[in-house]
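Data block for target_1.txt (compact mmCIF, C-alpha atoms):
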```txt
# COMPACT_ATOMS: atom_id res chain seq x y z
CA MET A 262 -32.54 97.91 -98.09
CA ARG A 263 -36.20 97.40 -97.36
CA HIS A 264 -36.74 98.79 -93.90
CA THR A 265 -35.90 101.64 -91.65
CA ILE A 266 -36.02 101.77 -87.90
CA GLU A 267 -36.33 104.67 -85.52
CA ARG A 268 -34.24 104.74 -82.38
CA ASP A 269 -33.52 107.70 -80.12
CA ASP A 270 -34.97 110.08 -82.70
CA GLN A 271 -32.60 108.70 -85.32
CA SER A 272 -33.59 106.84 -88.47
CA TYR A 273 -31.49 103.87 -89.54
CA TYR A 274 -31.49 102.16 -92.90
CA VAL A 275 -31.63 98.43 -92.34
CA VAL A 276 -29.44 96.28 -94.56
CA ASN A 277 -30.05 92.54 -94.65
CA ALA A 278 -26.59 90.99 -94.21
CA CYS A 279 -27.66 87.80 -95.98
CA LEU A 280 -28.59 89.67 -99.12
CA HIS A 281 -25.61 91.99 -98.88
CA PHE A 282 -23.13 89.10 -98.77
CA HIS A 283 -25.08 86.96 -101.29
CA LEU A 284 -25.74 84.23 -98.73
CA ARG A 285 -28.64 81.83 -98.55
CA PRO A 286 -31.76 83.42 -97.08
CA SER A 287 -32.11 83.02 -93.36
CA ARG A 288 -34.43 84.30 -90.67
CA PRO A 289 -32.50 87.10 -89.04
CA SER A 290 -33.75 88.30 -85.71
CA LEU A 291 -31.29 90.95 -84.60
CA VAL A 292 -30.54 94.44 -85.81
CA LEU A 293 -27.10 95.86 -85.21
CA THR A 294 -26.97 99.64 -85.29
CA LEU A 295 -23.57 100.92 -86.31
CA ARG A 296 -21.76 103.73 -84.57
CA ASP A 297 -21.46 107.02 -86.46
CA SER A 298 -23.58 105.61 -89.26
CA ARG A 299 -27.16 105.66 -90.47
CA VAL A 300 -26.89 101.94 -91.27
CA ALA A 301 -28.24 99.07 -89.22
CA VAL A 302 -27.49 95.47 -90.15
CA LEU A 303 -29.95 92.60 -89.94
CA VAL A 304 -28.14 89.48 -88.64
CA ASP A 305 -28.95 86.02 -87.33
CA ARG A 306 -27.14 86.22 -84.02
CA ILE A 307 -24.25 87.63 -82.06
CA GLU A 308 -21.55 85.05 -81.36
CA HIS A 309 -19.17 86.90 -79.11
CA MET A 310 -17.12 90.04 -78.69
CA THR A 311 -13.37 89.93 -79.15
CA GLU A 312 -10.39 92.20 -79.56
CA ILE A 313 -8.57 92.12 -82.87
CA THR A 314 -4.96 93.24 -82.65
CA THR A 315 -3.80 92.53 -86.18
CA LEU A 316 -5.63 93.26 -89.40
CA HIS A 317 -4.30 91.44 -92.47
CA ALA A 318 -4.80 93.03 -95.86
CA LEU A 319 -7.31 91.26 -98.07
CA PRO A 320 -5.15 89.36 -100.59
CA GLN A 321 -5.08 90.79 -104.08
CA ALA A 322 -6.48 87.52 -105.43
CA PHE A 323 -9.83 88.69 -104.12
CA SER A 324 -11.05 91.02 -106.83
CA GLY A 325 -14.84 91.06 -106.50
CA GLU A 326 -17.38 92.93 -104.44
CA GLU A 327 -15.60 91.79 -101.26
CA ARG A 328 -12.96 94.47 -101.79
CA GLY A 329 -15.64 96.98 -100.86
CA TRP A 330 -17.17 94.83 -98.13
CA TYR A 331 -14.11 94.16 -95.97
CA ARG A 332 -11.41 96.18 -94.27
CA GLY A 333 -9.25 93.05 -94.15
CA LEU A 334 -8.93 89.65 -92.50
CA ALA A 335 -8.27 88.70 -88.90
CA LEU A 336 -7.38 85.62 -86.93
CA VAL A 337 -9.95 84.90 -84.25
CA GLY A 338 -8.82 81.84 -82.37
CA GLU A 339 -8.10 79.28 -85.06
CA ARG A 340 -10.31 80.89 -87.67
CA VAL A 341 -9.73 83.47 -90.38
CA VAL A 342 -12.64 85.88 -90.41
CA PRO A 343 -13.28 88.92 -92.58
CA VAL A 344 -13.47 92.30 -90.85
CA VAL A 345 -16.38 94.17 -92.36
CA ASP A 346 -16.10 97.80 -93.40
CA PRO A 347 -19.21 99.54 -92.06
CA ALA A 348 -19.03 102.00 -94.94
CA GLY A 349 -19.38 99.12 -97.36
CA PHE A 350 -23.01 98.38 -96.59
CA LEU A 351 -24.35 101.37 -98.48
CA THR A 352 -22.47 103.43 -101.02
CA GLU A 353 -22.49 107.22 -100.81
CA ARG A 354 -24.81 107.36 -103.76
CA GLU A 355 -27.20 104.91 -102.17
CA MET A 356 -27.18 106.93 -98.96
CA GLU A 357 -27.92 110.13 -100.85
CA THR A 358 -30.81 108.48 -102.65
CA LEU A 359 -32.20 107.12 -99.43
CA GLU A 360 -31.84 110.46 -97.68
CA ALA A 361 -33.66 112.21 -100.48
CA THR A 362 -36.43 109.60 -100.51
CA SER A 363 -36.90 109.47 -96.75
CA GLY A 364 -36.95 113.24 -96.52
CA ALA A 365 -39.82 113.43 -98.97
CA ALA A 366 -41.77 110.66 -97.23
CA ARG A 367 -41.10 111.73 -93.64
CA ALA A 368 -44.33 113.67 -93.27
CA ALA A 369 -46.49 110.64 -94.02
CA LYS A 370 -44.22 108.00 -92.39
CA HIS A 371 -45.42 106.01 -89.39
CA PRO A 372 -42.42 105.27 -87.21
CA VAL A 373 -41.84 101.63 -86.27
CA ALA A 374 -40.65 101.83 -82.68
CA GLY A 375 -37.85 99.51 -81.52
CA GLY A 376 -38.04 96.77 -84.13
CA VAL A 377 -38.47 95.71 -87.67
CA SER A 378 -40.39 92.88 -89.31
CA ALA A 379 -38.07 90.62 -91.28
CA MET B 167 14.76 77.46 -107.63
CA THR B 168 17.14 78.36 -110.47
CA GLU B 169 16.88 80.62 -113.48
CA ARG B 170 16.75 79.48 -117.05
CA HIS B 171 19.94 77.93 -118.34
CA ALA B 172 21.86 79.47 -121.21
CA ASN B 173 20.95 76.62 -123.56
CA GLY B 174 17.19 77.40 -123.21
CA SER B 175 16.38 74.70 -120.69
CA GLY B 176 14.89 75.50 -117.35
CA MET B 177 13.61 74.05 -114.13
CA PHE B 178 9.93 73.25 -113.80
CA VAL B 179 7.67 71.90 -111.08
CA VAL B 180 5.40 69.17 -112.39
CA PHE B 181 2.12 68.62 -110.59
CA ALA B 182 -1.01 66.58 -111.15
CA ILE B 183 -4.70 67.37 -111.05
CA GLY B 184 -6.41 64.03 -111.21
CA THR B 185 -4.69 61.99 -113.89
CA LYS B 186 -3.45 64.98 -115.88
CA ARG B 187 -0.07 66.56 -115.26
CA PHE B 188 0.99 70.15 -115.77
CA ALA B 189 4.04 72.26 -115.02
CA LEU B 190 4.92 75.66 -113.64
CA PRO B 191 8.28 77.44 -113.93
CA ALA B 192 10.18 76.52 -110.80
CA GLU B 193 11.18 80.08 -109.92
CA GLY B 194 7.52 80.85 -109.30
CA VAL B 195 6.87 77.94 -106.95
CA ALA B 196 7.59 78.02 -103.22
CA GLU B 197 6.53 74.73 -101.71
CA LEU B 198 4.03 71.91 -101.55
CA VAL B 199 1.84 72.09 -98.48
CA ALA B 200 0.02 69.28 -96.71
CA PRO B 201 -3.74 69.65 -96.40
CA GLY B 202 -4.95 71.99 -93.70
CA GLN B 203 -8.03 73.88 -92.74
CA LEU B 204 -9.61 75.86 -95.54
CA HIS B 205 -11.15 79.06 -94.22
CA ARG B 206 -14.16 80.19 -96.22
CA PHE B 207 -16.01 83.49 -96.14
CA PRO B 208 -18.38 85.32 -98.52
CA HIS B 209 -16.85 86.74 -101.69
CA THR B 210 -17.62 87.03 -105.40
CA THR B 211 -14.27 86.21 -106.99
CA PRO B 212 -14.45 83.20 -109.30
CA ARG B 213 -12.26 80.19 -108.56
CA LEU B 214 -11.26 81.25 -105.06
CA SER B 215 -12.17 78.56 -102.54
CA GLY B 216 -11.05 80.46 -99.47
CA VAL B 217 -7.74 80.90 -97.67
CA ILE B 218 -5.27 78.78 -95.74
CA LEU B 219 -2.77 79.74 -93.08
CA ARG B 220 0.87 79.06 -93.83
CA ARG B 221 3.72 80.19 -91.58
CA GLY B 222 1.57 82.94 -90.13
CA HIS B 223 0.50 84.23 -93.54
CA ILE B 224 -2.95 84.14 -95.10
CA VAL B 225 -2.77 82.48 -98.52
CA PRO B 226 -5.70 82.51 -100.97
CA VAL B 227 -6.63 79.16 -102.49
CA CYS B 228 -7.14 79.44 -106.22
CA ASP B 229 -8.81 76.34 -107.58
CA VAL B 230 -8.09 76.19 -111.30
CA ALA B 231 -9.02 72.53 -111.75
CA GLU B 232 -12.18 73.25 -113.70
CA VAL B 233 -10.24 75.37 -116.18
CA LEU B 234 -7.58 72.68 -116.66
CA VAL B 235 -9.46 69.39 -116.50
CA GLY B 236 -13.12 70.38 -116.65
CA PRO B 237 -15.91 69.86 -114.11
CA GLY B 238 -15.81 66.99 -111.66
CA ALA B 239 -12.14 67.28 -110.79
CA PRO B 240 -11.10 64.59 -108.30
CA LEU B 241 -10.22 65.31 -104.70
CA ARG B 242 -6.95 67.18 -104.35
CA ARG B 243 -5.03 66.65 -101.14
CA PHE B 244 -2.21 69.14 -101.30
CA TYR B 245 -1.64 72.81 -101.98
CA LEU B 246 1.08 74.05 -104.30
CA LEU B 247 2.16 77.56 -103.31
CA ALA B 248 2.90 79.53 -106.45
CA ARG B 249 3.68 83.18 -107.08
CA ARG B 250 0.97 85.21 -108.73
CA ARG B 251 1.64 88.69 -110.05
CA PHE B 252 -0.80 91.59 -109.86
CA GLY B 253 0.50 94.57 -111.82
CA THR B 254 3.62 95.63 -109.95
CA GLY B 255 2.83 93.50 -106.90
CA GLN B 256 2.77 89.79 -106.25
CA GLU B 257 1.60 87.31 -103.64
CA TRP B 258 1.62 83.62 -102.99
CA ASN B 259 -1.52 81.71 -103.92
CA ALA B 260 -2.28 78.05 -103.24
CA ILE B 261 -3.34 75.70 -106.03
CA PRO B 262 -5.03 72.45 -104.92
CA VAL B 263 -3.15 69.56 -106.55
CA THR B 264 -3.24 65.78 -106.44
CA GLY B 265 -0.32 64.10 -104.74
CA GLU B 266 3.31 65.06 -104.77
CA CYS B 267 5.19 67.23 -107.23
CA GLU B 268 8.38 66.73 -109.20
CA LEU B 269 11.18 69.13 -110.04
CA VAL B 270 12.50 68.60 -113.56
CA GLU B 271 14.86 70.22 -115.97
CA ALA B 272 13.53 70.50 -119.49
CA ASP B 273 13.48 72.57 -122.66
CA LEU B 274 10.45 74.81 -123.06
CA MET B 275 8.80 74.45 -126.45
CA PRO B 276 6.63 77.32 -127.71
CA ARG B 277 2.87 77.29 -127.32
CA SER B 278 0.80 75.99 -130.19
CA GLU B 279 -1.57 78.53 -131.69
CA ASP B 280 -4.60 76.45 -130.79
CA ARG B 281 -3.77 76.32 -127.09
CA PRO B 282 -5.26 78.76 -124.54
CA GLU B 283 -3.43 81.90 -123.52
CA PHE B 284 -2.63 80.49 -120.08
CA VAL B 285 -0.41 77.84 -121.69
CA ARG B 286 3.09 79.25 -121.90
CA GLY B 287 4.49 76.28 -123.80
CA SER B 288 5.23 72.61 -123.28
CA ILE B 289 7.98 70.37 -121.97
CA SER B 290 8.74 66.71 -122.46
CA VAL B 291 9.03 64.67 -119.28
CA GLY B 292 9.58 60.92 -119.54
CA GLY B 293 8.15 60.88 -123.02
CA GLU B 294 5.02 62.78 -121.94
CA GLN B 295 4.22 66.26 -123.25
CA LEU B 296 3.21 68.54 -120.42
CA GLU B 297 1.82 72.02 -120.70
CA VAL B 298 3.62 74.76 -118.82
CA LEU B 299 1.15 77.19 -117.33
CA GLU B 300 1.18 80.92 -116.73
CA PHE B 301 -0.62 81.43 -113.44
CA GLU B 302 -1.59 85.04 -114.05
CA LYS B 303 -3.42 84.13 -117.24
CA LEU B 304 -4.89 80.99 -115.73
CA ALA B 305 -6.77 82.98 -113.10
CA PRO B 306 -6.84 86.59 -114.30
CA ALA B 307 -7.92 89.15 -111.74
CA GLU B 308 -7.73 92.88 -111.46
CA ALA B 309 -6.99 93.82 -107.90
CA ARG B 310 -8.48 97.07 -106.84
CA PRO B 311 -7.25 98.94 -103.80
```
Mind converting the file's structure to structure tokens?
Amino acid sequence: MRHTIERDDQSYYVVNACLHFHLRPSRPSLVLTLRDSRVAVLVDRIEHMTEITTLHALPQAFSGEERGWYRGLALVGERVVPVVDPAGFLTEREMETLEATSGAARAAKHPVAGGVSA
Amino acid sequence: MTERHANGSGMFVVFAIGTKRFALPAEGVAELVAPGQLHRFPHTTPRLSGVILRRGHIVPVCDVAEVLVGPGAPLRRFYLLARRRFGTGQEWNAIPVTGECELVEADLMPRSEDRPEFVRGSISVGGEQLEVLEFEKLAPAEARP
């Protein structure tokens, strides 16, 4: 987490999805703010919106960090896609640390309105 | 697939990875699946290539070729669906294999001390000694909730 953004008097901690999921670096240009969360996710693009009616459990064969990243798997058209757990972007401990740090720095912080430099 | 016979023999599924052949106990094998779309997504579990869809179920693909035959394993065209146990639970995983499989009846000989833990023992098929594998030890994983 390297950035924060301010929106509607709320501070969001920006997580780079590429780094979070250990993907190759890209040039993300969109920030997704998550509902009921202080996390915003830096992504490349939005593909589409869809309704997911069935969530499949992540198979037990997956035993790495992904067990904390995903709620499960879903079928979207012909593709299997992971359904991300919003709570998986930052752990409780990380949030506490960030809250403590941002609280101390708030007096000297210059808000960045409406965007973030990648 | 049948249980072990009273005289110590059992049924085994023989499969190939490249030019090398191995076996799994038949009771832990479901079917051989033709190649289909492999669905990939980010994860950090070693040896998992992704998942396939089979009869409406999502099946993880566990590529153990590098463990068995080393790097540079040849192209594998089929998936062998084998049972993999996790503590008290179990699920079907797909192992990429080369070509078709064979169901044989054979006597299981004990593992030699110098062989890896994932080798349960060996069987003789057509004069060839084949290692019988234990899937859980071949790709150990601790599933967390």
Handout entry: Minimum-distance residue to chain B, chosen among A:Val300, A:Leu295, A:Ile307, A:Ala322 (using only C-alpha atoms)
Key = A:Ala322
Practice task
Return the single residue from B:Leu190, B:Glu197, B:Glu279, B:Ala272 that is closest to Gly293 (chain B), with distances computed using all atoms listed in the file.
Solution key: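 Going through B:Leu190, B:Glu197, B:Glu279, B:Ala272 one by one, the smallest distance to Gly293 (chain B) is for B:Ala272.
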Exercise for the section: Pull out every residue of chain A that has at least one atom within 7 Å of chain B, counting only C-alpha atoms, and report them as a PyMOL selection string. Expected result: chain A and resi 282+320-327+340-341
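The shortest atom-to-atom distance to Gly184 (chain B), with all atoms listed in the file taken into account, belongs to B:Ala239 out of B:Cys267, B:Val291, B:Ala196, B:Ala239.
Interatomic distance, CA of Thr315 (chain A) to CA of Gly349 (chain A): 20.3 Å.
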Six-sided padding of 5 Å per side, axis-aligned box over region 174-190 of chain B, centre and edges in Å, one decimal, as AutoDock Vina command-line options:
```
--center_x 5.4 --center_y 69.7 --center_z -116.9 --size_x 33.6 --size_y 25.4 --size_z 22.6
```
Exercise for the section: Please indicate the distance in Å from CA of Glu193 (chain B) to CA of Pro276 (chain B), rounded to one decimal place. Expected result: 18.6 Å
Exercise for the section: Find the residues around Lys186 (chain B) up to 12 Å (all atoms listed in the file counted), leave out those fewer than 2 positions away in its own chain, and share them as a ChimeraX atom specification. Expected result: /B:180-184,188-189,231,234-236,239-240,263-265,294-297
Practice task
Mind giving me the straight-line distance from CA of Arg268 (chain A) to CA of Ala348 (chain A) in Å, one decimal?
Solution key: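 So the answer is 19.9 Å.
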Problem - Counting all atoms listed in the file, the residue of B:Lys303, B:Arg221, B:Arg242, B:Arg187 that sits nearest Ser290 (chain B) - result: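 Nearest candidate to Ser290 (chain B) out of B:Lys303, B:Arg221, B:Arg242, B:Arg187: B:Arg187.
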Exercise for the section: Counting only C-alpha atoms, figure out which residue out of A:Ser290, A:Tyr273, A:His317, A:His281 gets nearest to Trp330 (chain A). Expected result: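 Between A:Ser290, A:Tyr273, A:His317, A:His281, the residue approaching Trp330 (chain A) most closely is A:His281.
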